[in-house]
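Step one of this worksheet: look at the structure below.
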Amino acid sequence: MNMNQIEIRKARSADRKLVEQLWQLYLYDFSEFTGMDIRSDGSYPYFPEFELYWKKWGGNCAYLILAD
């Protein structure tokens, strides 16, 4: 990995699917601590709070760190 080519940017609406998929990996990684069970379709439950990342109010925003 070339550390000279790193970009940190606010997630755009076009990035929503990517962020949702990364969120699933995050939930998987922490499931041993949270005890959260995977659903029958192979995903973790949807969090209504996730919607706050895509609204202009609330002070929440998602960022992506892009390398190479």
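Ligands are numbered from 1 in the order shown, residues from 1 within each chain, and chains are lettered A, B, ... in the order they appear in the structure tokens.
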Problem - Residue contacts of segment 3-14 of chain A (6 Å, only C-alpha atoms) excluding same-chain residues fewer than 4 positions away, as a ChimeraX atom specification - result: /A:62-68
Test item: residues at most 10 Å from Glu49 of chain A, only C-alpha atoms, excluding those fewer than 4 positions along its chain, as a PDB file with C-alpha atoms, in the first residue's frame:
ATOM      1  CA  TYR A  53     -25.677   9.585   8.531  1.00  0.00           C
ATOM      2  CA  TRP A  54     -27.603  10.523   5.394  1.00  0.00           C
ATOM      3  CA  ASN A  60     -23.693  12.787  12.337  1.00  0.00           C
TER       4      ASN A  60
END
- request: Apply DSSP to the backbone of this structure and, from chain A, keep only the residues in alpha helix (DSSP H); write these as a ChimeraX atom specification.
  value: /A:16-34
Selected residues, N, CA, C and O atoms, written as a JSON list (two decimals), in the first residue's frame, please.
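The resulting again10.json:
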[["chain", "number", "residue", "atom", "x", "y", "z"],
["A", 16, "ARG", "N", -23.55, 5.18, -0.23],
["A", 16, "ARG", "CA", -24.41, 4.59, 0.79],
["A", 16, "ARG", "C", -24.32, 3.07, 0.82],
["A", 16, "ARG", "O", -24.17, 2.47, 1.88],
["A", 17, "LYS", "N", -24.42, 2.41, -0.31],
["A", 17, "LYS", "CA", -24.37, 0.95, -0.35],
["A", 17, "LYS", "C", -23.04, 0.44, 0.20],
["A", 17, "LYS", "O", -22.99, -0.53, 0.97],
["A", 18, "LEU", "N", -21.95, 1.09, -0.17],
["A", 18, "LEU", "CA", -20.63, 0.72, 0.33],
["A", 18, "LEU", "C", -20.58, 0.84, 1.85],
["A", 18, "LEU", "O", -20.11, -0.07, 2.55],
["A", 19, "VAL", "N", -21.06, 1.94, 2.39],
["A", 19, "VAL", "CA", -21.04, 2.16, 3.84],
["A", 19, "VAL", "C", -21.92, 1.13, 4.54],
["A", 19, "VAL", "O", -21.55, 0.60, 5.60],
["A", 20, "GLU", "N", -23.07, 0.80, 3.96],
["A", 20, "GLU", "CA", -23.94, -0.22, 4.55],
["A", 20, "GLU", "C", -23.24, -1.58, 4.60],
["A", 20, "GLU", "O", -23.35, -2.31, 5.58],
["A", 21, "GLN", "N", -22.50, -1.92, 3.55],
["A", 21, "GLN", "CA", -21.78, -3.20, 3.54],
["A", 21, "GLN", "C", -20.62, -3.19, 4.54],
["A", 21, "GLN", "O", -20.39, -4.19, 5.22],
["A", 22, "LEU", "N", -19.93, -2.08, 4.66],
["A", 22, "LEU", "CA", -18.86, -1.97, 5.65],
["A", 22, "LEU", "C", -19.44, -2.05, 7.07],
["A", 22, "LEU", "O", -18.82, -2.62, 7.97],
["A", 23, "TRP", "N", -20.62, -1.49, 7.26],
["A", 23, "TRP", "CA", -21.30, -1.54, 8.56],
["A", 23, "TRP", "C", -21.58, -2.99, 8.95],
["A", 23, "TRP", "O", -21.44, -3.37, 10.10],
["A", 24, "GLN", "N", -21.96, -3.83, 7.98],
["A", 24, "GLN", "CA", -22.21, -5.24, 8.26],
["A", 24, "GLN", "C", -20.93, -5.92, 8.76],
["A", 24, "GLN", "O", -20.97, -6.73, 9.69],
["A", 25, "LEU", "N", -19.79, -5.59, 8.17],
["A", 25, "LEU", "CA", -18.52, -6.15, 8.62],
["A", 25, "LEU", "C", -18.19, -5.68, 10.04],
["A", 25, "LEU", "O", -17.69, -6.45, 10.86],
["A", 26, "TYR", "N", -18.48, -4.43, 10.31],
["A", 26, "TYR", "CA", -18.28, -3.86, 11.65],
["A", 26, "TYR", "C", -19.12, -4.62, 12.67],
["A", 26, "TYR", "O", -18.63, -5.01, 13.73],
["A", 27, "LEU", "N", -20.39, -4.86, 12.34],
["A", 27, "LEU", "CA", -21.28, -5.59, 13.25],
["A", 27, "LEU", "C", -20.78, -7.01, 13.46],
["A", 27, "LEU", "O", -20.85, -7.53, 14.58],
["A", 28, "TYR", "N", -20.28, -7.63, 12.42],
["A", 28, "TYR", "CA", -19.73, -8.98, 12.55],
["A", 28, "TYR", "C", -18.54, -8.98, 13.51],
["A", 28, "TYR", "O", -18.46, -9.81, 14.41],
["A", 29, "ASP", "N", -17.63, -8.05, 13.32],
["A", 29, "ASP", "CA", -16.43, -7.98, 14.16],
["A", 29, "ASP", "C", -16.77, -7.80, 15.64],
["A", 29, "ASP", "O", -16.08, -8.34, 16.50],
["A", 30, "PHE", "N", -17.81, -7.05, 15.93],
["A", 30, "PHE", "CA", -18.16, -6.78, 17.32],
["A", 30, "PHE", "C", -19.22, -7.72, 17.88],
["A", 30, "PHE", "O", -19.59, -7.60, 19.05],
["A", 31, "SER", "N", -19.69, -8.66, 17.08],
["A", 31, "SER", "CA", -20.76, -9.55, 17.54],
["A", 31, "SER", "C", -20.32, -10.41, 18.71],
["A", 31, "SER", "O", -21.15, -10.80, 19.54],
["A", 32, "GLU", "N", -19.03, -10.69, 18.84],
["A", 32, "GLU", "CA", -18.58, -11.49, 19.98],
["A", 32, "GLU", "C", -18.74, -10.72, 21.30],
["A", 32, "GLU", "O", -18.85, -11.31, 22.35],
["A", 33, "PHE", "N", -18.76, -9.39, 21.21],
["A", 33, "PHE", "CA", -18.93, -8.57, 22.41],
["A", 33, "PHE", "C", -20.39, -8.18, 22.64],
["A", 33, "PHE", "O", -20.81, -7.99, 23.77],
["A", 34, "THR", "N", -21.12, -8.00, 21.54],
["A", 34, "THR", "CA", -22.51, -7.54, 21.65],
["A", 34, "THR", "C", -23.50, -8.69, 21.77],
["A", 34, "THR", "O", -24.62, -8.47, 22.21]]
* To do: Could you give me the residues within chain A that DSSP places in strand (DSSP E or B), as a VMD selection string?
  => chain A and resid 6 to 10 63 to 67
